[in-house]
Structure formats: C-alpha cells, structure tokens
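Chemist: Below is the file run_8.cif, with mmCIF, C-alpha atoms.
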```cif
data_target
loop_
_atom_site.group_PDB
_atom_site.id
_atom_site.type_symbol
_atom_site.label_atom_id
_atom_site.label_comp_id
_atom_site.auth_asym_id
_atom_site.auth_seq_id
_atom_site.Cartn_x
_atom_site.Cartn_y
_atom_site.Cartn_z
ATOM 1 C CA MET A 1 -34.228 30.047 108.924
ATOM 2 C CA PRO A 2 -30.540 29.821 107.952
ATOM 3 C CA ILE A 3 -30.341 26.180 109.110
ATOM 4 C CA ASP A 4 -33.139 23.741 108.309
ATOM 5 C CA PRO A 5 -32.396 20.429 110.051
ATOM 6 C CA SER A 6 -35.217 18.676 108.194
ATOM 7 C CA VAL A 7 -33.337 19.280 104.945
ATOM 8 C CA ALA A 8 -29.779 19.069 106.236
ATOM 9 C CA ILE A 9 -29.681 15.969 108.429
ATOM 10 C CA GLY A 10 -29.032 12.891 106.338
ATOM 11 C CA ALA A 11 -28.156 14.884 103.220
ATOM 12 C CA ASP A 12 -25.794 13.131 100.823
ATOM 13 C CA LEU A 13 -22.838 15.447 100.195
ATOM 14 C CA GLY A 14 -21.637 13.390 97.272
ATOM 15 C CA ALA A 15 -18.690 11.178 96.451
ATOM 16 C CA ARG A 16 -15.133 12.047 95.481
ATOM 17 C CA THR A 17 -12.592 9.715 93.897
ATOM 18 C CA PHE A 18 -8.954 10.519 94.623
ATOM 19 C CA SER A 19 -5.494 8.999 94.399
ATOM 20 C CA TRP A 20 -2.346 9.362 96.454
ATOM 21 C CA THR A 21 1.297 8.384 96.122
ATOM 22 C CA GLU A 22 4.242 7.768 98.408
ATOM 23 C CA SER A 23 5.362 11.335 97.720
ATOM 24 C CA ASP A 24 2.072 12.644 99.114
ATOM 25 C CA VAL A 25 2.507 10.557 102.255
ATOM 26 C CA LEU A 26 6.076 11.798 102.738
ATOM 27 C CA LEU A 27 5.029 15.439 102.284
ATOM 28 C CA TYR A 28 2.197 15.041 104.764
ATOM 29 C CA HIS A 29 4.483 13.528 107.374
ATOM 30 C CA LEU A 30 6.983 16.356 106.901
ATOM 31 C CA GLY A 31 4.086 18.809 107.227
ATOM 32 C CA ILE A 32 3.217 17.483 110.693
ATOM 33 C CA GLY A 33 6.796 17.628 111.911
ATOM 34 C CA ALA A 34 8.225 14.195 111.159
ATOM 35 C CA GLY A 35 11.984 14.408 110.695
ATOM 36 C CA ALA A 36 12.220 17.878 112.251
ATOM 37 C CA ARG A 37 14.258 17.005 115.322
ATOM 38 C CA ALA A 38 18.044 16.838 115.364
ATOM 39 C CA GLY A 39 19.153 13.317 114.519
ATOM 40 C CA ASP A 40 15.881 12.290 112.863
ATOM 41 C CA ASN A 41 17.693 11.918 109.553
ATOM 42 C CA LEU A 42 19.703 9.081 111.137
ATOM 43 C CA SER A 43 16.897 7.493 113.152
ATOM 44 C CA ALA A 44 15.266 4.347 111.774
ATOM 45 C CA ASP A 45 12.117 5.168 113.747
ATOM 46 C CA ALA A 46 11.838 8.675 112.280
ATOM 47 C CA LEU A 47 12.689 7.473 108.783
ATOM 48 C CA ARG A 48 9.597 5.244 108.815
ATOM 49 C CA TYR A 49 7.716 8.490 108.164
ATOM 50 C CA THR A 50 10.120 10.195 105.781
ATOM 51 C CA LEU A 51 11.944 7.640 103.612
ATOM 52 C CA ASP A 52 10.270 5.919 100.670
ATOM 53 C CA ASP A 53 11.562 2.415 101.266
ATOM 54 C CA ALA A 54 9.954 -0.853 102.350
ATOM 55 C CA ALA A 55 9.602 0.401 105.932
ATOM 56 C CA LEU A 56 7.498 3.454 104.992
ATOM 57 C CA GLN A 57 4.308 3.656 107.061
ATOM 58 C CA VAL A 58 1.265 5.939 106.901
ATOM 59 C CA LEU A 59 0.017 7.758 109.970
ATOM 60 C CA PRO A 60 -3.788 7.333 109.904
ATOM 61 C CA SER A 61 -4.379 11.091 110.101
ATOM 62 C CA PHE A 62 -3.305 11.220 106.446
ATOM 63 C CA GLY A 63 -6.762 9.890 105.592
ATOM 64 C CA VAL A 64 -8.329 13.200 106.628
ATOM 65 C CA VAL A 65 -6.381 15.215 104.048
ATOM 66 C CA ALA A 66 -5.970 12.605 101.297
ATOM 67 C CA PRO A 67 -9.240 13.369 99.426
ATOM 68 C CA THR A 68 -8.308 17.042 98.914
ATOM 69 C CA PHE A 69 -4.524 16.723 98.999
ATOM 70 C CA HIS A 70 -4.016 18.126 95.503
ATOM 71 C CA GLU A 71 -6.512 20.990 95.796
ATOM 72 C CA THR A 72 -5.163 24.506 95.380
ATOM 73 C CA ASP A 73 -8.381 26.360 96.247
ATOM 74 C CA PRO A 74 -10.387 26.062 99.475
ATOM 75 C CA PRO A 75 -13.388 23.765 98.912
ATOM 76 C CA PRO A 76 -16.745 25.575 99.006
ATOM 77 C CA LEU A 77 -18.860 24.967 102.101
ATOM 78 C CA ASP A 78 -22.068 23.956 100.341
ATOM 79 C CA LEU A 79 -24.310 22.144 102.812
ATOM 80 C CA PRO A 80 -27.971 21.447 101.973
ATOM 81 C CA GLY A 81 -30.312 23.253 104.340
ATOM 82 C CA CYS A 82 -27.508 25.398 105.773
ATOM 83 C CA ASP A 83 -27.251 29.045 104.726
ATOM 84 C CA ILE A 84 -24.378 30.109 106.937
ATOM 85 C CA ASN A 85 -21.766 32.855 107.068
ATOM 86 C CA LEU A 86 -18.301 31.379 106.499
ATOM 87 C CA ALA A 87 -16.797 34.102 108.682
ATOM 88 C CA GLN A 88 -18.651 32.565 111.648
ATOM 89 C CA VAL A 89 -17.407 29.015 111.054
ATOM 90 C CA VAL A 90 -14.589 27.295 112.943
ATOM 91 C CA HIS A 91 -13.464 23.666 112.939
ATOM 92 C CA GLY A 92 -14.851 22.020 116.061
ATOM 93 C CA ALA A 93 -13.633 18.424 116.239
ATOM 94 C CA GLN A 94 -12.074 15.777 114.030
ATOM 95 C CA SER A 95 -11.815 12.007 114.200
ATOM 96 C CA ILE A 96 -10.680 9.130 112.022
ATOM 97 C CA SER A 97 -10.905 5.370 112.387
ATOM 98 C CA VAL A 98 -9.076 2.976 110.096
ATOM 99 C CA SER A 99 -9.828 -0.591 109.080
ATOM 100 C CA GLY A 100 -6.129 -1.462 109.009
ATOM 101 C CA PRO A 101 -2.749 0.036 108.055
ATOM 102 C CA LEU A 102 -3.221 2.542 105.237
ATOM 103 C CA PRO A 103 -1.493 1.777 101.930
ATOM 104 C CA THR A 104 1.319 4.103 100.888
ATOM 105 C CA SER A 105 -0.384 4.690 97.530
ATOM 106 C CA GLY A 106 -3.742 3.950 96.007
ATOM 107 C CA THR A 107 -7.077 5.165 94.700
ATOM 108 C CA ALA A 108 -10.210 5.432 96.804
ATOM 109 C CA THR A 109 -13.669 6.969 96.797
ATOM 110 C CA ILE A 110 -15.105 8.796 99.786
ATOM 111 C CA ARG A 111 -18.822 9.425 100.238
ATOM 112 C CA THR A 112 -19.843 12.042 102.786
ATOM 113 C CA THR A 113 -23.117 12.533 104.630
ATOM 114 C CA LEU A 114 -24.334 15.336 106.884
ATOM 115 C CA THR A 115 -25.213 13.297 109.949
ATOM 116 C CA ASP A 116 -26.312 15.657 112.701
ATOM 117 C CA ILE A 117 -26.933 19.254 113.770
ATOM 118 C CA TRP A 118 -26.843 20.361 117.384
ATOM 119 C CA ASP A 119 -28.492 23.513 118.716
ATOM 120 C CA LYS A 120 -26.151 25.114 121.237
ATOM 121 C CA VAL A 121 -28.456 28.176 121.592
ATOM 122 C CA LYS A 122 -25.779 30.711 120.629
ATOM 123 C CA ALA A 123 -24.271 28.496 117.959
ATOM 124 C CA ALA A 124 -24.883 25.418 115.839
ATOM 125 C CA VAL A 125 -22.664 22.358 115.539
ATOM 126 C CA ILE A 126 -22.839 20.574 112.185
ATOM 127 C CA TRP A 127 -21.478 17.031 111.862
ATOM 128 C CA GLN A 128 -20.328 15.223 108.731
ATOM 129 C CA GLU A 129 -19.157 11.652 108.229
ATOM 130 C CA GLY A 130 -17.212 10.260 105.289
ATOM 131 C CA VAL A 131 -16.427 6.660 104.418
ATOM 132 C CA ALA A 132 -13.456 5.938 102.121
ATOM 133 C CA THR A 133 -13.387 2.658 100.199
ATOM 134 C CA SER A 134 -10.640 1.198 98.039
ATOM 135 C CA ASP A 135 -11.391 1.341 94.324
ATOM 136 C CA ALA A 136 -9.280 -1.796 93.869
ATOM 137 C CA THR A 137 -11.017 -4.013 96.435
ATOM 138 C CA GLY A 138 -14.197 -2.206 97.451
ATOM 139 C CA GLU A 139 -13.215 -2.581 101.098
ATOM 140 C CA GLU A 140 -13.558 0.240 103.616
ATOM 141 C CA LEU A 141 -10.213 1.908 104.314
ATOM 142 C CA TRP A 142 -11.149 4.582 106.806
ATOM 143 C CA ARG A 143 -14.006 6.597 108.246
ATOM 144 C CA VAL A 144 -13.789 10.290 109.167
ATOM 145 C CA ARG A 145 -16.111 12.392 111.277
ATOM 146 C CA SER A 146 -15.842 16.134 111.774
ATOM 147 C CA SER A 147 -17.810 19.048 113.140
ATOM 148 C CA ILE A 148 -17.945 22.743 112.443
ATOM 149 C CA PHE A 149 -19.032 25.327 114.996
ATOM 150 C CA VAL A 150 -21.210 28.082 113.508
ATOM 151 C CA LYS A 151 -21.474 31.107 115.778
ATOM 152 C CA GLY A 152 -24.817 32.911 115.916
ATOM 153 C CA GLU A 153 -26.854 30.119 114.320
ATOM 154 C CA GLY A 154 -28.417 28.385 117.343
ATOM 155 C CA GLY A 155 -31.632 28.919 119.227
ATOM 156 C CA TRP A 156 -34.227 27.144 117.085
ATOM 157 C CA GLY A 157 -35.070 24.609 119.791
ATOM 158 C CA GLY A 158 -33.236 21.694 118.225
ATOM 159 C CA ASP A 159 -31.323 18.769 119.704
ATOM 160 C CA ARG A 160 -28.654 20.025 122.116
ATOM 161 C CA GLY A 161 -26.411 17.059 121.379
ATOM 162 C CA THR A 162 -24.426 14.928 123.774
ATOM 163 C CA ALA A 163 -21.581 15.792 126.128
ATOM 164 C CA THR A 164 -18.266 14.868 124.548
ATOM 165 C CA SER A 165 -15.762 15.807 127.260
ATOM 166 C CA VAL A 166 -13.069 13.227 127.928
ATOM 167 C CA GLU A 167 -11.974 12.807 131.531
ATOM 168 C CA VAL A 168 -8.211 13.036 131.962
ATOM 169 C CA PRO A 169 -6.863 10.614 134.606
ATOM 170 C CA GLU A 170 -5.970 12.266 137.924
ATOM 171 C CA ARG A 171 -2.342 11.172 137.882
ATOM 172 C CA GLU A 172 0.889 12.022 136.170
ATOM 173 C CA PRO A 173 0.826 11.303 132.424
ATOM 174 C CA ASP A 174 2.558 8.237 131.051
ATOM 175 C CA HIS A 175 4.072 10.341 128.289
ATOM 176 C CA VAL A 176 5.058 13.984 127.926
ATOM 177 C CA SER A 177 6.859 15.411 124.921
ATOM 178 C CA SER A 178 7.440 18.840 123.455
ATOM 179 C CA TYR A 179 7.508 19.738 119.784
ATOM 180 C CA THR A 180 8.629 23.173 118.597
ATOM 181 C CA VAL A 181 6.696 24.247 115.529
ATOM 182 C CA THR A 182 9.134 25.334 112.834
ATOM 183 C CA PRO A 183 8.834 28.825 111.310
ATOM 184 C CA GLN A 184 7.870 27.328 107.937
ATOM 185 C CA GLN A 185 5.517 24.651 109.344
ATOM 186 C CA ALA A 186 2.290 26.248 108.102
ATOM 187 C CA LEU A 187 3.862 27.060 104.730
ATOM 188 C CA LEU A 188 4.820 23.404 104.347
ATOM 189 C CA TYR A 189 1.539 21.995 105.608
ATOM 190 C CA ARG A 190 -0.503 24.184 103.241
ATOM 191 C CA LEU A 191 0.956 22.106 100.381
ATOM 192 C CA CYS A 192 -1.167 19.229 101.721
ATOM 193 C CA GLY A 193 -4.324 20.724 100.234
ATOM 194 C CA ASP A 194 -5.198 23.669 102.506
ATOM 195 C CA ARG A 195 -4.231 26.976 100.904
ATOM 196 C CA ASN A 196 -6.253 29.159 103.284
ATOM 197 C CA PRO A 197 -4.322 32.475 103.392
ATOM 198 C CA LEU A 198 -4.956 32.703 107.140
ATOM 199 C CA HIS A 199 -2.022 30.324 107.532
ATOM 200 C CA ALA A 200 0.407 32.078 105.187
ATOM 201 C CA ASP A 201 -0.431 35.743 104.498
ATOM 202 C CA PRO A 202 0.461 38.120 107.372
ATOM 203 C CA ASP A 203 -1.897 40.844 106.119
ATOM 204 C CA PHE A 204 -4.800 38.410 105.830
ATOM 205 C CA ALA A 205 -4.111 37.078 109.324
ATOM 206 C CA LYS A 206 -4.070 40.596 110.798
ATOM 207 C CA ALA A 207 -7.369 41.410 109.093
ATOM 208 C CA ALA A 208 -8.794 38.293 110.738
ATOM 209 C CA GLY A 209 -7.669 39.509 114.166
ATOM 210 C CA PHE A 210 -4.430 37.554 114.585
ATOM 211 C CA PRO A 211 -0.973 39.108 115.001
ATOM 212 C CA ALA A 212 0.516 36.598 112.544
ATOM 213 C CA PRO A 213 -0.519 33.591 110.432
ATOM 214 C CA ILE A 214 -1.647 30.658 112.561
ATOM 215 C CA LEU A 215 -0.916 26.968 112.168
ATOM 216 C CA HIS A 216 -3.630 24.840 110.571
ATOM 217 C CA GLY A 217 -5.733 23.114 113.209
ATOM 218 C CA LEU A 218 -5.372 19.817 111.370
ATOM 219 C CA CYS A 219 -1.606 20.256 111.431
ATOM 220 C CA SER A 220 -1.678 20.558 115.228
ATOM 221 C CA TRP A 221 -4.036 17.555 115.297
ATOM 222 C CA GLY A 222 -1.579 15.510 113.242
ATOM 223 C CA ILE A 223 1.378 16.615 115.358
ATOM 224 C CA VAL A 224 -0.377 15.465 118.528
ATOM 225 C CA LEU A 225 -1.229 12.074 117.032
ATOM 226 C CA ARG A 226 2.364 11.620 115.839
ATOM 227 C CA GLU A 227 3.785 12.561 119.248
ATOM 228 C CA LEU A 228 1.463 10.118 121.038
ATOM 229 C CA THR A 229 2.203 7.376 118.516
ATOM 230 C CA ASP A 230 5.946 7.874 118.883
ATOM 231 C CA GLY A 231 5.879 8.247 122.650
ATOM 232 C CA ILE A 232 3.470 5.474 123.637
ATOM 233 C CA LEU A 233 3.123 3.108 120.668
ATOM 234 C CA GLY A 234 6.802 2.930 119.782
ATOM 235 C CA GLY A 235 6.290 4.938 116.603
ATOM 236 C CA ASP A 236 4.308 2.099 115.007
ATOM 237 C CA ALA A 237 1.491 3.689 112.994
ATOM 238 C CA SER A 238 -0.117 0.281 112.427
ATOM 239 C CA LYS A 239 -1.005 0.227 116.142
ATOM 240 C CA VAL A 240 -3.314 3.245 115.701
ATOM 241 C CA GLY A 241 -6.926 2.240 115.177
ATOM 242 C CA GLY A 242 -8.420 5.692 115.512
ATOM 243 C CA PHE A 243 -7.902 9.206 116.816
ATOM 244 C CA THR A 244 -10.208 12.012 117.833
ATOM 245 C CA GLY A 245 -9.651 15.485 119.232
ATOM 246 C CA ARG A 246 -11.436 18.792 119.798
ATOM 247 C CA PHE A 247 -9.779 22.019 118.664
ATOM 248 C CA SER A 248 -9.431 24.341 121.648
ATOM 249 C CA GLY A 249 -6.886 26.997 120.700
ATOM 250 C CA VAL A 250 -4.515 28.360 118.075
ATOM 251 C CA VAL A 251 -0.812 27.771 117.545
ATOM 252 C CA PHE A 252 1.658 30.192 115.993
ATOM 253 C CA PRO A 253 4.751 28.944 114.144
ATOM 254 C CA GLY A 254 7.715 29.106 116.494
ATOM 255 C CA GLU A 255 5.687 28.086 119.542
ATOM 256 C CA THR A 256 6.169 24.794 121.359
ATOM 257 C CA ILE A 257 3.356 22.270 121.789
ATOM 258 C CA ARG A 258 3.485 20.134 124.921
ATOM 259 C CA VAL A 259 1.721 16.792 124.414
ATOM 260 C CA SER A 260 0.634 14.617 127.336
ATOM 261 C CA GLY A 261 -0.733 11.085 127.149
ATOM 262 C CA TRP A 262 -2.281 8.667 129.631
ATOM 263 C CA ARG A 263 -2.697 4.939 129.053
ATOM 264 C CA THR A 264 -6.069 3.508 130.078
ATOM 265 C CA ASP A 265 -7.479 0.005 129.764
ATOM 266 C CA ASP A 266 -8.757 0.505 126.225
ATOM 267 C CA ALA A 267 -7.352 3.802 124.921
ATOM 268 C CA ILE A 268 -4.769 6.542 125.224
ATOM 269 C CA ILE A 269 -6.101 9.866 126.507
ATOM 270 C CA GLY A 270 -4.225 12.920 125.290
ATOM 271 C CA SER A 271 -4.084 16.682 125.608
ATOM 272 C CA ALA A 272 -1.961 19.444 124.143
ATOM 273 C CA ALA A 273 -1.096 22.971 125.247
ATOM 274 C CA ILE A 274 1.389 25.717 124.478
ATOM 275 C CA GLU A 275 4.644 25.423 126.423
ATOM 276 C CA GLY A 276 6.626 28.520 127.358
ATOM 277 C CA GLY A 277 6.346 32.151 126.362
ATOM 278 C CA GLU A 278 3.497 34.550 127.042
ATOM 279 C CA ARG A 279 0.891 31.937 126.108
ATOM 280 C CA ASP A 280 2.255 29.161 128.302
ATOM 281 C CA GLY A 281 -0.513 26.707 129.142
ATOM 282 C CA SER A 282 -2.912 27.921 126.452
ATOM 283 C CA PRO A 283 -4.947 24.946 125.197
ATOM 284 C CA VAL A 284 -4.361 23.534 121.722
ATOM 285 C CA LEU A 285 -6.248 20.235 121.539
ATOM 286 C CA ALA A 286 -8.618 18.693 124.078
ATOM 287 C CA ASP A 287 -10.688 15.527 124.465
ATOM 288 C CA CYS A 288 -8.064 13.514 122.588
ATOM 289 C CA VAL A 289 -8.530 9.766 122.396
ATOM 290 C CA LEU A 290 -6.168 7.443 120.534
ATOM 291 C CA THR A 291 -7.777 4.042 120.080
ATOM 292 C CA PRO A 292 -5.250 1.233 119.590
ATOM 293 C CA ALA A 293 -5.756 -1.075 116.622
#
```
Go ahead and express the file in the form of structure tokens.
Modeler:
Amino acid sequence: MPIDPSVAIGADLGARTFSWTESDVLLYHLGIGAGARAGDNLSADALRYTLDDAALQVLPSFGVVAPTFHETDPPPLDLPGCDINLAQVVHGAQSISVSGPLPTSGTATIRTTLTDIWDKVKAAVIWQEGVATSDATGEELWRVRSSIFVKGEGGWGGDRGTATSVEVPEREPDHVSSYTVTPQQALLYRLCGDRNPLHADPDFAKAAGFPAPILHGLCSWGIVLRELTDGILGGDASKVGGFTGRFSGVVFPGETIRVSGWRTDDAIIGSAAIEGGERDGSPVLADCVLTPA
C-alpha cells in the first residue's frame, strides 16, 4: 500500500546542520509583518524585531524556517514507507517549543524523525518531530512538530489518532488585533526559504484552483504568533515558550487577519480569521496555543 506504517513510524529522516545570522532574523520578522504598521519605524517595541542592535530579539517561530532558510528549491518530500502524491498533500499543523530565548545568530543541527501516522479513513495524517541542538554547546535549542494531511490515503485500519481541538473560552477575548497583509507579503516571505510558486506566480496559482497566489501558511502562523506576543506579552519574545496552531484556511495578500487571544491559567488560546470583504469570518488558524516561557 502507498503508506506502510511499519516502515514509516520511527524512521530517522536524517540530520541537517545550518547557520543563521542577524540578517536572516530581520528578514524573517519583516516577512511576518513586523514593522509594517505606520509608526513602527519609530517604535522601540517594533524595532526589537527589525533593528540589529543590542535589543534585537528572535520570535521563536523563526526556528521552524531556520534549517531551510537559504534554500532556493522546495525540499523533496521523501518519507520512508510513504509513497504519496504531492498534489494531495497540505500542511496540517505546526508547533514549536523553545528551551530559552533563541540566539540572533548561530549554528545548529536538527535531527528529524517520523513519529506517527493517523488513519482518518479518507486521508492520512503524517507527523514529524525535529530537535535542534547548538553546535557550540550541544544543548537543545528548540523542538518542532508538524503534520501533513494526505488526501485519499486513509482506510487501512490504522490508529485514528487523538482529538486535538482546543476549546475557546466562552467570553470576550482578552486581545483582538487586525493585521492587513501587504500586497508583497508572500513575495517577501518566500525569501525565507519557501520558493513554492503557488505563493508568487499567478498562472501557477490559477492552475492550482486559486484566483491569485496565496500567502504561505507558515507566514500566517508567524503573523498570529507575533500579534499575540505583541498584544498579550508586551512584545517580549523571550516570554514565549511554545506555540502551536492548525491551518484551517487560506489568506490572500491584501486581506486582513483578525487575531483573537484569551488568557487562561497556563496558556494563551488564540484564533485567526479573515476580517472584512467577501470572505469575512473565513478561518485562517485554529487550535492555537501560546505557552508562556
């Protein structure tokens, strides 16, 4: 069968050593909308993302893109025991947890393992986990976990997986903000290591069934984390211990993302949807949990 869990689960997907600089961090922050609002160029809080001085901080979501930041070609999806059609694959969920504030430059090695496969009858969900360690100290820097949703590959009688829905508090959110995606947002974010033409080439996007190029899901994910960090944690990236979210809809450049956040005893629950226009209320990111450091 196209997916053989006995081969896939536990498979070592190898290690990758990579380096990053302050310039990479600055570009990533610009790619997820830091500095895009009027007055941000004069705001000390905003400049913590966009100015390479002693106050520069790293939003933990950077760890997701850092290993492939300098890639110019999409990485091949080569998973042991998984013979799948790339056209049927979508990004399902993404999370990161950090051991402490991320350095603004450095060299690390990430080792990735295929950890689980869920049989959703009409689809399969494949989970990977990567652990990044500092080459200088050997200490763990961050841990990422992600899933892909493969349509048409379920039904072999495998593990159905666990429910992952996050319950949103039944009250008004503690934070609401709106961020308007700039027309060039996807073109800027693609310089962070994701050159998929779906996000840049109008003809390619139309062939894929979209009226225009769409924003990268991980860009929306980063925008939501930044908005929650700024709105609830005072813009202090060092207060973020982890973030997870499930991709639930597309965003087109020019649209506005409304981000809502609720404080709970041990986390911040978030959600994001399109604000205004014909797609008002369309979901963007669901089951968001920001874990404070």
Chemist: Determine the nearest neighbour of Phe149 in chain A from the options A:Gly100, A:Gly92, A:Pro211, A:Gly130, counting all atoms listed in the file.
Modeler: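 Closest candidate: A:Gly92.
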Chemist: Tell me which residues the PyMOL selection byres ((chain A and resi 14) around 7) grabs here, as a PyMOL selection string.
Modeler: chain A and resi 12-13+15-16+111-112
Chemist: Pick from A:Asp236, A:Asp135, A:Asp78, A:Glu255: nearest to Leu47 in chain A, with only C-alpha atoms counted?
Modeler: A:Asp236
Chemist: Residues within 6 Å of range 275-287 of chain A, please, as a CSV table (one decimal) with C-alpha atoms, in the frame of the given file. Count only C-alpha atoms; anything in the same chain fewer than 2 positions from it doesn't count.
Modeler:
```
chain,number,residue,atom,x,y,z
A,165,SER,CA,-15.8,15.8,127.3
A,166,VAL,CA,-13.1,13.2,127.9
A,245,GLY,CA,-9.7,15.5,119.2
A,246,ARG,CA,-11.4,18.8,119.8
A,247,PHE,CA,-9.8,22.0,118.7
A,248,SER,CA,-9.4,24.3,121.6
A,249,GLY,CA,-6.9,27.0,120.7
A,256,THR,CA,6.2,24.8,121.4
A,257,ILE,CA,3.4,22.3,121.8
A,258,ARG,CA,3.5,20.1,124.9
A,271,SER,CA,-4.1,16.7,125.6
A,272,ALA,CA,-2.0,19.4,124.1
A,273,ALA,CA,-1.1,23.0,125.2
```
Chemist: Could you state which residues are captured by the PyMOL selection byres ((chain A and resi 210) around 12) in this file, as a list of chain:residue names?
Modeler: A:Leu198, A:His199, A:Ala200, A:Asp201, A:Pro202, A:Asp203, A:Phe204, A:Ala205, A:Lys206, A:Ala207, A:Ala208, A:Gly209, A:Pro211, A:Ala212, A:Pro213, A:Ile214, A:Leu215, A:Val250, A:Val251, A:Phe252
Chemist: Take the PyMOL selection byres ((chain A and resi 222) around 9), apply it to the structure above, and return the hits as a VMD selection string.
Modeler: chain A and resid 29 31 to 33 59 61 to 62 217 to 221 223 to 227
